[in-house]
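**Student:** First, the structure itself, so that you have it in front of you.
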Amino acid sequence: MKDRYDFHVDRVRYLDDHGVPLDTLPDLANHHDRLLAAYANMVLTRTFDNKVIALQRTGQCGTYPSVLGHEVIGTVIGQCMAKSDVLVPYYRDQAAQIQRGVTLTELLLYWGGDERGSAWAHCPQDLPIAVPIATQCCHAVGVASAMRIREQHRAVVCCLGDGASSKGDFLESVNLAGAWHLPVVFVASNNQWAISTPRSLQSGAETIAQKAISGGLPGHVVDGNDYFALTEVLTQALERARAGKGGAVIEAETYRLGDHTTADDATRYRSAEELKRAWEREGVKRMQNYLHQAGLWNAEKEQKLQSECKGFVETAVKAYLASEPEPPTAMMDFLFETLPAALQGQRERLAEKYRQGGVS
Amino acid sequence: MKDRYDFHVDRVRYLDDHGVPLDTLPDLANHHDRLLAAYANMVLTRTFDNKVIALQRTGQCGTYPSVLGHEVIGTVIGQCMAKSDVLVPYYRDQAAQIQRGVTLTELLLYWGGDERGSAWAHCPQDLPIAVPIATQCCHAVGVASAMRIREQHRAVVCCLGDGASSKGDFLESVNLAGAWHLPVVFVASNNQWAISTPRSLQSGAETIAQKAISGGLPGHVVDGNDYFALTEVLTQALERARAGKGGAVIEAETYRLGDHTTADDATRYRSAEELKRAWEREGVKRMQNYLHQAGLWNAEKEQKLQSECKGFVETAVKAYLASEPEPPTAMMDFLFETLPAALQGQRERLAEKYRQGGVS
Amino acid sequence: MSDVTLVEAVNMALAWEMAHDEDVVVLGEDVATNGGVFRATVGLKDRFGYKRVMDTPLAENLIAGTAVGMAVQGLKPVAEFQFMGFIYAGMDQIICHAARMRNRTRGRLHCPLVYRAPFGGGIHAPEHHSESTEALFAHIPGLRVVIPSSPQRAYGLLLASIRDPDPVIFLEPKRIYRAVTQAVDDNGEALPLDTCFTLREGDDVTLISWGASIMETLEAAVRLAEQGVSAEVIDVASISPLDRETLLCSVAKTGRAVIVHEACRNGGVGAEIAASLAEAAFLDLQAPIVRVTGYDTVMPYYRNEQAYLPQVADILHAVEQVIAL
Amino acid sequence: MSDVTLVEAVNMALAWEMAHDEDVVVLGEDVATNGGVFRATVGLKDRFGYKRVMDTPLAENLIAGTAVGMAVQGLKPVAEFQFMGFIYAGMDQIICHAARMRNRTRGRLHCPLVYRAPFGGGIHAPEHHSESTEALFAHIPGLRVVIPSSPQRAYGLLLASIRDPDPVIFLEPKRIYRAVTQAVDDNGEALPLDTCFTLREGDDVTLISWGASIMETLEAAVRLAEQGVSAEVIDVASISPLDRETLLCSVAKTGRAVIVHEACRNGGVGAEIAASLAEAAFLDLQAPIVRVTGYDTVMPYYRNEQAYLPQVADILHAVEQVIAL
Ligand SMILES: Cc1ncc(C[n+]2csc(CCOP(=O)(O)OP(=O)(O)O)c2C)c(N)n1
Ligand SMILES: Cc1ncc(C[n+]2csc(CCOP(=O)(O)OP(=O)(O)O)c2C)c(N)n1
Ligand SMILES: [Mg+2]
Ligand SMILES: [Mg+2]
């Protein structure tokens, strides 16, 4: 009988705050196309993000959560996942979703108040955004269970925030993942804030990663602005998962550089000082620096990329702004596979009302 | 910046399976009265338990969860708590409740389907049993918050089972206890089974105690049939809590020696072999052995104690069996402090119906 | 064709469907080795293996949400809540996800799942083991709420619920789990959802009920017949979506209705039925619609639970009222 | 006496009661430093300290249950759910514990707490930010469900709710958080619970509503007056326990009733009101009671949310129907 049980979580980092390698980089560093594709996705995501905020400010889009500070995490997730894996995103995973095949127009429709924004054609098995925080964690273990039952070599990536890590859904799911050896990797983006609640009030735990221990999973802390570190840790976790060796929890440390959403004003609760320090460590610039140092990037390429991204975004925005809303009757057409008799009268009245152009 | 975070939980034991000290015992061993009182409470609890099961088998009591195998844990909790602390029990804490001042008759009323069984006179602040598993953990942190807000030097003991440790209520509460430094000690009685679900299916975690780590609390594994070990660990945890140094999770290892409840038949899902092994390590006999070895006990004392306990139980059973059920209108009298006008009609009809002796 | 109880019929339906559709899986607390605390899933694990019949850790929110994740992958999970009193921890997942996944994704993903739970009082159980809160689920768009009241309907409606491509809350009246046996043909034939069942035809008054209260309602109809009153008895069965047509036709004929349910009155499903009928059958009604229900209070522990439950005499009393008018 | 909005009135009531009763504490997500996402708790932390105004970790079940634990110790917690759409994770604690603690312990312990949540649609918010599921709570014995529809009633009813020794679900219609300002005297005077408020007297038809829909209902009454129809407008305010007396008296007078609510129709609170009135006012009713409600589906995202919400024209249309009869 033991008289002590030891546990640990590791912390992995390859780049310093400015993109200078702290150590020999993994082989990944030689895959130049992959590095460049990653950087391109980060820039596209940031360009898109800026645009959506502008649309929201001018009344052309709904409340929107900026991805600023999360571009590296999402990009790495998108790159590491196999097509046949399933992404269970949270609402700050635009960078991952774009790579999974969600179109910018779909993202705009979603945040613009249109359900068709979740009817993704290109990643039909990925889960839509679950607005109630952390609830998606249970879906993730359900999807992973289905994979296990069917003996498939697939894995699930389940995303969440630091705030979400306090909620039972996450903790219960981590426990199930451990008990059933499920192929699911939880990626907790610790951006230090849950709206106005700082990480220190969210939990007395030193790390989010250590919550893995409560379910018997391995836990890892990673610098989430370090493309190499996160890619390495996530790749290994996914390989283990697909090979039937169980799941993991990865805490990706970053900082929410924007307001919580366009409805928030972060200056109410956090200091300019803190924000400034976080900008010095942010991941897109860091990746750019790295590419520069590695001789893979220059100002000209940057300009070309920037203008390409602007172009993509403009096209998507046009399509979004040109889209007609669904007819009101759509609200009843997707509730059940077949409209129950009990609801036919209501649907008819709704249709009638709007045939006449609405009554009010 | 660290590249590794280490955690551990310790495991404490003083007695071997037969009550022989493995090491020098703590000072507690010299407090003979306390040891004898503890043993007496264990025997009373077991005597009571046997009787309730017999009552249930003869239709004189409702479904009942036997405390068999949990007597030491409850007794230690009862002894270590100060009067001004608050107990948040679960349904297998009869041994603790008896020491807190819940009368045997009250316990019988409760399990006999009578709400007055929770209207305890002697421990008016202790929480009643929360039937939905683990939900009491949230109450415990609420009570502990009240103590902290009021700057009182009191603590809460919150009890639960191994099954309950999988539920969000527990995990969320552990997290709050850590975040707010609350004076609450969770005692998880790991009796290896949650009805038919074995510990191994309940969680992939090696211990229940390590769930403490997810909230940044200290975790301890203790042999729950070892009076000395549990008393020491719980006493220290409560002292820390009362001194404002935060909470803890204690996993008390034991075995559920009976069926889950009188409605269960454990032979369906566990082996006679396993049960036999567990009986060899059980705590009441172990305590008795210890007392014998220490020269504090003999057959005569044992006989006297047994017959005293039988007497107490008989008296309580008589009072219980002689009790009249509440009038049916009681069902409306404690819903709100004052019966709302909207319910007066219903209460009158109910009263009327039973004035006539019921209508069916 | 064998005589089975309601709970055996549940087990038969599960076994049939698991044998014929390998996407059907069962999960819940104690459903595998133990076969469920009411034995509803007994034998399934031995027959279909632990992969398809899964004991979960103790966490209802997790059970509800895991089923959603399984379902969007095309499995057809049948998840058990051990008692309806423990379903509330799962409501977030049920309301926010199971009921909405199809609508949210415009049909891209959907949830062909069943949440089973024994419900209702009268079995001398502890607190929280006697719930009848079907109204909470009936109010949630996107959910079907189905309640069988006989072995045959348990078999046929459970098959229909599993096959239905959308989420179904399937509530089993545990007071009558073993109250009656009935010949049920284990032929895989489902009964229709969204439809009431007229159990007894009559002209003078319509008695509307579901679940275990069907027993007292039928008994009341027998006693009324002895008194020369011809009562139609309708088992609503599909609480939501509600088959108002059948109810309306009956009330149009009888002009009188009494609704019987175990749940408390305020905001119970009886309210929706009464409101719908009172609106649509306004000119047909010859007396107010009366509800015979539980009281608007917490169901008492078992010493007093009978005082809470609607009794045959309560139904007779209500019928007297509406007939006298 | 100053002109305030509904949300400012909420803040005023909280501040008043915290200043006068040190047992009152506030907890929830972002309620302290940030003052709540709608600013309902702004300034409280600075005034009363972090000990009494607490930002919790993100866990609604925990918030609901922690409040229970605080309340049994004699504190009077006012716990905020950031949006009603996130209350479901807390339902287990609300239904099983807050609502039952007094009854369970025969009065030994009780829960003098308030659960606040902004509710209702129409503010262009994302999914799950537009819920109106008051019916779920109204069906639970042991809970009060209170909904203010003006700054004055927000102030007076919130004070009453905090002082009430039993649990109250206090739902704030966020669509009208800032729609109107009204002079509210910050004098600590509570309004009565369990009572409807008659906002406008009339003889021809009774319009019954609550929450944000009161705005459209009042507007409809104005338009009806222009057409010579005299409508009585009643704000139910206390959804449960329900003041049926006031409603009945009005309907006895007018003979006609239209109920307006934003929640979906099936099993909404309108059903209980209609059923109760149709039963008790059977002989007084000159037309069926009509419900003007949301549709029985998930509230659409914001591009189509207006199509879901009851409009003035819908109310007028319903009144035409019942008056024509
Ligand atoms: C269950 C639930 N409660 C509250 C909210 C409101 N809310 C939206 S985001 C958020 C904070 C989430 O913080 P975190 O998990 O750290 O993610 P981040 O926004 O920082 O990326 C809250 C409280 C919600 N959506 N769901
Ligand atoms: C939320 C909830 N789910 C299910 C049940 C039914 N149930 C009662 S006891 C029990 C097992 C509890 O196991 P554990 O926590 O290990 O405690 P033990 O009975 O072993 O002492 C279950 C599933 C319940 N009471 N509450
Ligand atoms: Mg965050
Ligand atoms: Mg156990």
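By convention in this document, the chains of the structure tokens carry letters A, B, ... by their order, each chain's residues are numbered from 1, and ligands are numbered from 1 in the order they are shown.
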Quick one: residues within 9 Å of ligand 3, with only C-alpha atoms and all ligand atoms, as a list in words?

**Tutor:** Leu160, Gly161, Asp162, Gly163, Ala164, Ala188, Ser189, Asn190, Asn191, Gln192, Trp193, Ala194, Ile195, Thr197, Pro198, Arg199, Tyr255, Arg256 and His260 of chain A

**Student:** Export, as a CSV table (one decimal), in the first residue's frame, the selected residues with all heavy atoms.

**Tutor:**
chain,number,residue,atom,x,y,z
A,160,LEU,N,-12.4,25.0,-24.7
A,160,LEU,CA,-13.1,25.7,-23.7
A,160,LEU,C,-12.2,26.8,-23.2
A,160,LEU,O,-11.0,26.9,-23.5
A,160,LEU,CB,-13.5,24.8,-22.5
A,160,LEU,CG,-12.4,24.1,-21.8
A,160,LEU,CD1,-12.9,23.9,-20.3
A,160,LEU,CD2,-12.1,22.7,-22.4
A,161,GLY,N,-12.8,27.7,-22.3
A,161,GLY,CA,-12.0,28.8,-21.7
A,161,GLY,C,-11.6,28.5,-20.3
A,161,GLY,O,-12.0,27.5,-19.7
A,162,ASP,N,-10.9,29.4,-19.7
A,162,ASP,CA,-10.5,29.2,-18.3
A,162,ASP,C,-11.7,29.3,-17.4
A,162,ASP,O,-11.8,28.5,-16.4
A,162,ASP,CB,-9.4,30.2,-17.8
A,162,ASP,CG,-9.8,31.6,-18.2
A,162,ASP,OD1,-10.1,31.9,-19.4
A,162,ASP,OD2,-9.7,32.6,-17.4
A,163,GLY,N,-12.6,30.2,-17.7
A,163,GLY,CA,-13.9,30.2,-16.9
A,163,GLY,C,-14.6,28.9,-17.0
A,163,GLY,O,-15.1,28.4,-16.0
A,164,ALA,N,-14.7,28.4,-18.2
A,164,ALA,CA,-15.4,27.1,-18.4
A,164,ALA,C,-14.9,26.0,-17.5
A,164,ALA,O,-15.6,25.0,-17.2
A,164,ALA,CB,-15.4,26.7,-19.8
A,188,ALA,N,-8.0,23.9,-23.1
A,188,ALA,CA,-8.5,25.0,-22.4
A,188,ALA,C,-7.7,26.2,-22.7
A,188,ALA,O,-6.5,26.3,-22.3
A,188,ALA,CB,-8.5,24.7,-20.9
A,189,SER,N,-8.3,27.2,-23.3
A,189,SER,CA,-7.6,28.4,-23.6
A,189,SER,C,-7.7,29.3,-22.4
A,189,SER,O,-8.7,29.9,-22.1
A,189,SER,CB,-8.3,29.2,-24.8
A,189,SER,OG,-8.1,28.4,-26.0
A,190,ASN,N,-6.6,29.4,-21.7
A,190,ASN,CA,-6.6,30.2,-20.5
A,190,ASN,C,-6.1,31.6,-20.9
A,190,ASN,O,-4.9,31.9,-21.0
A,190,ASN,CB,-5.6,29.6,-19.5
A,190,ASN,CG,-5.4,30.5,-18.3
A,190,ASN,OD1,-6.1,31.6,-18.2
A,190,ASN,ND2,-4.6,30.1,-17.4
A,191,ASN,N,-7.1,32.5,-21.1
A,191,ASN,CA,-6.8,33.8,-21.5
A,191,ASN,C,-6.9,34.8,-20.3
A,191,ASN,O,-7.0,36.0,-20.5
A,191,ASN,CB,-7.7,34.3,-22.7
A,191,ASN,CG,-9.2,34.4,-22.3
A,191,ASN,OD1,-9.5,34.2,-21.1
A,191,ASN,ND2,-10.0,34.5,-23.2
A,192,GLN,N,-6.8,34.2,-19.1
A,192,GLN,CA,-6.7,35.0,-17.9
A,192,GLN,C,-7.9,35.6,-17.4
A,192,GLN,O,-8.0,36.1,-16.3
A,192,GLN,CB,-5.5,36.0,-17.9
A,192,GLN,CG,-4.2,35.5,-18.5
A,192,GLN,CD,-3.7,34.3,-17.8
A,192,GLN,OE1,-3.9,34.1,-16.7
A,192,GLN,NE2,-3.0,33.4,-18.6
A,193,TRP,N,-9.0,35.7,-18.2
A,193,TRP,CA,-10.2,36.4,-17.8
A,193,TRP,C,-11.4,35.6,-18.3
A,193,TRP,O,-11.4,35.0,-19.4
A,193,TRP,CB,-10.3,37.8,-18.4
A,193,TRP,CG,-9.2,38.7,-17.9
A,193,TRP,CD1,-8.0,38.9,-18.3
A,193,TRP,CD2,-9.4,39.5,-16.7
A,193,TRP,NE1,-7.3,39.8,-17.5
A,193,TRP,CE2,-8.1,40.2,-16.5
A,193,TRP,CE3,-10.4,39.7,-15.8
A,193,TRP,CZ2,-7.9,41.1,-15.4
A,193,TRP,CZ3,-10.2,40.6,-14.7
A,193,TRP,CH2,-8.9,41.3,-14.6
A,194,ALA,N,-12.5,35.6,-17.5
A,194,ALA,CA,-13.8,35.2,-17.9
A,194,ALA,C,-14.7,36.4,-17.8
A,194,ALA,O,-15.0,36.7,-16.6
A,194,ALA,CB,-14.3,34.0,-17.0
A,195,ILE,N,-14.9,37.0,-18.9
A,195,ILE,CA,-15.5,38.4,-18.8
A,195,ILE,C,-14.6,39.2,-17.8
A,195,ILE,O,-13.4,39.4,-18.1
A,195,ILE,CB,-17.0,38.5,-18.5
A,195,ILE,CG1,-17.8,37.5,-19.5
A,195,ILE,CG2,-17.5,39.9,-18.7
A,195,ILE,CD1,-19.3,37.6,-19.4
A,197,THR,N,-14.0,38.3,-14.7
A,197,THR,CA,-13.5,37.5,-13.5
A,197,THR,C,-12.0,37.0,-13.9
A,197,THR,O,-11.8,36.3,-14.8
A,197,THR,CB,-14.4,36.3,-13.3
A,197,THR,OG1,-15.7,36.8,-13.1
A,197,THR,CG2,-14.0,35.5,-12.0
A,198,PRO,N,-11.1,37.5,-13.1
A,198,PRO,CA,-9.7,37.1,-13.4
A,198,PRO,C,-9.4,35.6,-13.0
A,198,PRO,O,-10.1,35.1,-12.2
A,198,PRO,CB,-8.9,38.0,-12.4
A,198,PRO,CG,-9.8,38.4,-11.3
A,198,PRO,CD,-11.2,38.3,-11.9
A,199,ARG,N,-8.5,35.1,-13.6
A,199,ARG,CA,-8.1,33.7,-13.4
A,199,ARG,C,-7.9,33.4,-11.9
A,199,ARG,O,-8.3,32.3,-11.4
A,199,ARG,CB,-6.7,33.5,-14.1
A,199,ARG,CG,-6.0,32.2,-13.9
A,199,ARG,CD,-6.8,31.0,-14.2
A,199,ARG,NE,-6.1,29.8,-13.8
A,199,ARG,CZ,-6.0,29.4,-12.6
A,199,ARG,NH1,-6.7,30.0,-11.6
A,199,ARG,NH2,-5.3,28.3,-12.3
A,255,TYR,N,-3.7,35.4,-23.6
A,255,TYR,CA,-4.3,36.6,-23.0
A,255,TYR,C,-5.4,37.1,-24.0
A,255,TYR,O,-5.2,37.1,-25.2
A,255,TYR,CB,-3.3,37.7,-22.8
A,255,TYR,CG,-3.8,38.8,-21.9
A,255,TYR,CD1,-3.7,38.7,-20.5
A,255,TYR,CD2,-4.5,39.9,-22.4
A,255,TYR,CE1,-4.2,39.7,-19.7
A,255,TYR,CE2,-5.0,40.9,-21.6
A,255,TYR,CZ,-4.8,40.8,-20.2
A,255,TYR,OH,-5.4,41.8,-19.4
A,256,ARG,N,-6.6,37.4,-23.4
A,256,ARG,CA,-7.6,38.0,-24.2
A,256,ARG,C,-7.3,39.4,-24.5
A,256,ARG,O,-7.5,40.3,-23.6
A,256,ARG,CB,-9.0,37.9,-23.5
A,256,ARG,CG,-10.2,38.0,-24.4
A,256,ARG,CD,-11.4,38.2,-23.5
A,256,ARG,NE,-11.5,39.5,-22.9
A,256,ARG,CZ,-12.0,39.8,-21.8
A,256,ARG,NH1,-12.6,38.9,-21.0
A,256,ARG,NH2,-12.0,41.1,-21.3
A,260,HIS,N,-14.3,41.3,-23.8
A,260,HIS,CA,-14.9,40.0,-23.9
A,260,HIS,C,-15.7,39.8,-25.1
A,260,HIS,O,-15.5,38.8,-25.8
A,260,HIS,CB,-15.7,39.8,-22.6
A,260,HIS,CG,-16.6,38.5,-22.7
A,260,HIS,ND1,-16.0,37.3,-22.7
A,260,HIS,CD2,-17.9,38.3,-22.8
A,260,HIS,CE1,-16.9,36.4,-22.8
A,260,HIS,NE2,-18.1,37.0,-22.9

**Student:** Which residues of chain D come within 10 Å of ligand 1, and what is each one's closest atom pair and distance in Å (one decimal), counting only C-alpha atoms and all ligand atoms, sorted by chain and residue number, as CSV?

**Tutor:**
residue,atom,partner,partner_atom_place_in_ligand_line,distance
D:Gly28,CA,ligand 1,23 (C),9.5
D:Glu29,CA,ligand 1,23 (C),6.1
D:Asp30,CA,ligand 1,23 (C),7.5
D:Val37,CA,ligand 1,6 (C),9.0
D:Thr56,CA,ligand 1,23 (C),9.9
D:Pro57,CA,ligand 1,23 (C),8.9
D:Leu58,CA,ligand 1,23 (C),6.1
D:Ala59,CA,ligand 1,1 (C),6.7
D:Glu60,CA,ligand 1,1 (C),6.4
D:Asn61,CA,ligand 1,1 (C),9.2
D:Phe81,CA,ligand 1,4 (C),7.5
D:Gln82,CA,ligand 1,4 (C),5.8
D:Phe83,CA,ligand 1,4 (C),7.1
D:Met84,CA,ligand 1,3 (N),9.4
D:Gly85,CA,ligand 1,26 (N),7.9
D:Phe86,CA,ligand 1,1 (C),4.8
D:Ile87,CA,ligand 1,1 (C),7.6
D:Tyr88,CA,ligand 1,1 (C),8.5
D:Ala89,CA,ligand 1,1 (C),7.2
D:Gly90,CA,ligand 1,1 (C),9.5
D:Pro126,CA,ligand 1,25 (N),9.5
D:Glu127,CA,ligand 1,25 (N),9.3
D:His128,CA,ligand 1,25 (N),8.0
D:His129,CA,ligand 1,25 (N),8.4

**Student:** When the cut-off is 9 Å and we count only C-alpha atoms, which residues of chain B are near chain D, given as number ranges by chain?

**Tutor:** B: 115-121, 124-125, 127-128, 130-132, 135-150, 168-169, 172-173, 175-176, 179, 330-337, 340-343

**Student:** Given the choices B:Ala177, B:Val221, B:Ile250, B:Ala263, which gets closest to ligand 2 if the distance is worked out from only C-alpha atoms and all ligand atoms?

**Tutor:** B:Ala263

**Student:** Return as a compact mmCIF listing (two decimals) with N, CA and C atoms, in the first residue's frame the residues belonging to chain A that are within 10 Å of chain B, counting only C-alpha atoms.

**Tutor:**
# COMPACT_ATOMS: atom_id res chain seq x y z
N MET A 1 0.85 -1.21 0.00
CA MET A 1 0.00 0.00 0.00
C MET A 1 0.89 1.25 0.00
N LYS A 2 0.62 2.14 -0.90
CA LYS A 2 1.41 3.38 -0.98
C LYS A 2 1.15 4.29 0.21
N ASP A 3 2.09 5.14 0.54
CA ASP A 3 1.74 6.16 1.51
C ASP A 3 1.82 7.56 0.88
N ARG A 4 1.87 7.59 -0.44
CA ARG A 4 1.92 8.87 -1.12
C ARG A 4 1.65 8.64 -2.60
N TYR A 5 0.88 9.51 -3.19
CA TYR A 5 0.62 9.44 -4.63
C TYR A 5 1.12 10.73 -5.24
N ASP A 6 1.94 10.61 -6.29
CA ASP A 6 2.50 11.81 -6.92
C ASP A 6 1.89 12.05 -8.29
N PHE A 7 1.74 13.30 -8.59
CA PHE A 7 1.16 13.71 -9.87
C PHE A 7 1.94 14.92 -10.36
N HIS A 8 1.86 15.14 -11.64
CA HIS A 8 2.47 16.38 -12.13
C HIS A 8 1.83 16.80 -13.44
N VAL A 9 2.00 18.06 -13.78
CA VAL A 9 1.73 18.48 -15.15
C VAL A 9 3.01 19.17 -15.63
N ASP A 10 3.30 18.97 -16.91
CA ASP A 10 4.50 19.59 -17.45
C ASP A 10 4.14 20.93 -18.11
N ARG A 11 5.15 21.70 -18.42
CA ARG A 11 4.92 22.97 -19.09
C ARG A 11 5.92 23.07 -20.24
N VAL A 12 5.39 23.29 -21.44
CA VAL A 12 6.25 23.22 -22.61
C VAL A 12 6.30 24.58 -23.30
N ARG A 13 7.50 24.95 -23.73
CA ARG A 13 7.71 26.21 -24.43
C ARG A 13 8.91 26.05 -25.33
N SER A 165 -13.59 26.06 -17.19
CA SER A 165 -12.97 24.95 -16.48
C SER A 165 -13.47 24.83 -15.04
N SER A 166 -14.26 25.80 -14.58
CA SER A 166 -14.84 25.72 -13.24
C SER A 166 -16.16 24.97 -13.23
N LYS A 167 -16.70 24.71 -14.40
CA LYS A 167 -18.07 24.21 -14.48
C LYS A 167 -18.10 22.69 -14.49
N GLY A 168 -19.11 22.14 -13.83
CA GLY A 168 -19.25 20.70 -13.71
C GLY A 168 -19.15 19.96 -15.03
N ASP A 169 -19.72 20.53 -16.08
CA ASP A 169 -19.70 19.85 -17.38
C ASP A 169 -18.28 19.44 -17.77
N PHE A 170 -17.36 20.35 -17.60
CA PHE A 170 -15.96 20.05 -17.95
C PHE A 170 -15.41 18.98 -17.02
N LEU A 171 -15.60 19.18 -15.73
CA LEU A 171 -14.99 18.29 -14.75
C LEU A 171 -15.58 16.88 -14.83
N GLU A 172 -16.89 16.81 -15.04
CA GLU A 172 -17.53 15.51 -15.20
C GLU A 172 -17.04 14.82 -16.47
N SER A 173 -16.83 15.60 -17.50
CA SER A 173 -16.41 15.03 -18.79
C SER A 173 -14.97 14.53 -18.71
N VAL A 174 -14.13 15.28 -18.03
CA VAL A 174 -12.75 14.82 -17.82
C VAL A 174 -12.77 13.49 -17.09
N ASN A 175 -13.65 13.39 -16.12
CA ASN A 175 -13.75 12.14 -15.37
C ASN A 175 -14.19 10.97 -16.26
N LEU A 176 -15.18 11.23 -17.11
CA LEU A 176 -15.63 10.16 -18.00
C LEU A 176 -14.54 9.79 -18.99
N ALA A 177 -13.85 10.79 -19.50
CA ALA A 177 -12.77 10.52 -20.45
C ALA A 177 -11.73 9.60 -19.83
N GLY A 178 -11.46 9.82 -18.55
CA GLY A 178 -10.51 8.96 -17.86
C GLY A 178 -11.07 7.58 -17.59
N ALA A 179 -12.32 7.52 -17.16
CA ALA A 179 -12.92 6.23 -16.81
C ALA A 179 -13.09 5.34 -18.04
N TRP A 180 -13.42 5.95 -19.17
CA TRP A 180 -13.70 5.17 -20.38
C TRP A 180 -12.56 5.22 -21.41
N HIS A 181 -11.45 5.82 -21.05
CA HIS A 181 -10.31 5.91 -21.98
C HIS A 181 -10.73 6.48 -23.32
N ARG A 199 -8.45 35.10 -13.62
CA ARG A 199 -8.06 33.72 -13.38
C ARG A 199 -7.90 33.40 -11.89
N SER A 200 -7.41 34.38 -11.12
CA SER A 200 -7.15 34.12 -9.71
C SER A 200 -8.44 33.90 -8.91
N LEU A 201 -9.53 34.50 -9.35
CA LEU A 201 -10.79 34.27 -8.66
C LEU A 201 -11.51 33.04 -9.19
N GLN A 202 -11.10 32.59 -10.35
CA GLN A 202 -11.79 31.47 -11.01
C GLN A 202 -11.49 30.16 -10.30
N SER A 203 -10.30 30.04 -9.77
CA SER A 203 -9.91 28.78 -9.14
C SER A 203 -8.68 28.98 -8.28
N GLY A 204 -8.62 28.22 -7.21
CA GLY A 204 -7.43 28.22 -6.38
C GLY A 204 -6.35 27.31 -6.92
N ALA A 205 -6.65 26.62 -8.00
CA ALA A 205 -5.65 25.72 -8.58
C ALA A 205 -4.58 26.55 -9.28
N GLU A 206 -3.34 26.09 -9.15
CA GLU A 206 -2.23 26.83 -9.74
C GLU A 206 -2.32 26.83 -11.27
N THR A 207 -2.78 25.72 -11.83
CA THR A 207 -2.94 25.61 -13.28
C THR A 207 -4.33 25.07 -13.60
N ILE A 208 -4.75 25.30 -14.83
CA ILE A 208 -5.99 24.67 -15.28
C ILE A 208 -5.69 23.21 -15.64
N ALA A 209 -4.49 23.00 -16.14
CA ALA A 209 -4.11 21.65 -16.60
C ALA A 209 -4.24 20.61 -15.50
N GLN A 210 -4.01 21.01 -14.26
CA GLN A 210 -4.04 20.03 -13.17
C GLN A 210 -5.43 19.49 -12.90
N LYS A 211 -6.44 20.13 -13.49
CA LYS A 211 -7.79 19.57 -13.34
C LYS A 211 -7.88 18.21 -14.03
N ALA A 212 -6.96 17.94 -14.94
CA ALA A 212 -6.86 16.61 -15.56
C ALA A 212 -6.69 15.53 -14.51
N ILE A 213 -5.95 15.85 -13.48
CA ILE A 213 -5.61 14.85 -12.46
C ILE A 213 -6.86 14.30 -11.78
N SER A 214 -7.88 15.16 -11.67
CA SER A 214 -9.10 14.69 -11.00
C SER A 214 -9.79 13.58 -11.78
N GLY A 215 -9.50 13.47 -13.06
CA GLY A 215 -10.07 12.39 -13.85
C GLY A 215 -9.05 11.34 -14.26
N GLY A 216 -7.85 11.48 -13.75
CA GLY A 216 -6.82 10.51 -14.10
C GLY A 216 -6.25 10.71 -15.50
N LEU A 217 -6.40 11.88 -16.06
CA LEU A 217 -5.84 12.17 -17.39
C LEU A 217 -4.49 12.87 -17.25
N HIS A 220 -1.23 19.06 -19.41
CA HIS A 220 -0.07 19.79 -19.91
C HIS A 220 -0.37 21.28 -19.94
N VAL A 221 0.60 22.07 -19.50
CA VAL A 221 0.50 23.51 -19.69
C VAL A 221 1.40 23.87 -20.88
N VAL A 222 0.88 24.69 -21.76
CA VAL A 222 1.65 25.08 -22.93
C VAL A 222 1.50 26.58 -23.12

**Student:** Please determine, counting only C-alpha atoms and all ligand atoms, which residue among C:Glu201, C:Glu232, C:Glu8, C:Glu80 has the shortest atom-to-atom distance to ligand 2.

**Tutor:**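 Smallest distance to ligand 2 is found for C:Glu80.
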
**Student:** Taking the DSSP secondary structure from the backbone, can you list the residues of range 77-202 of chain D that are helix (DSSP H, G or I), as a ChimeraX atom specification?

**Tutor:** /D:84-86,88-98,101-104,134-138,151-163,174-176
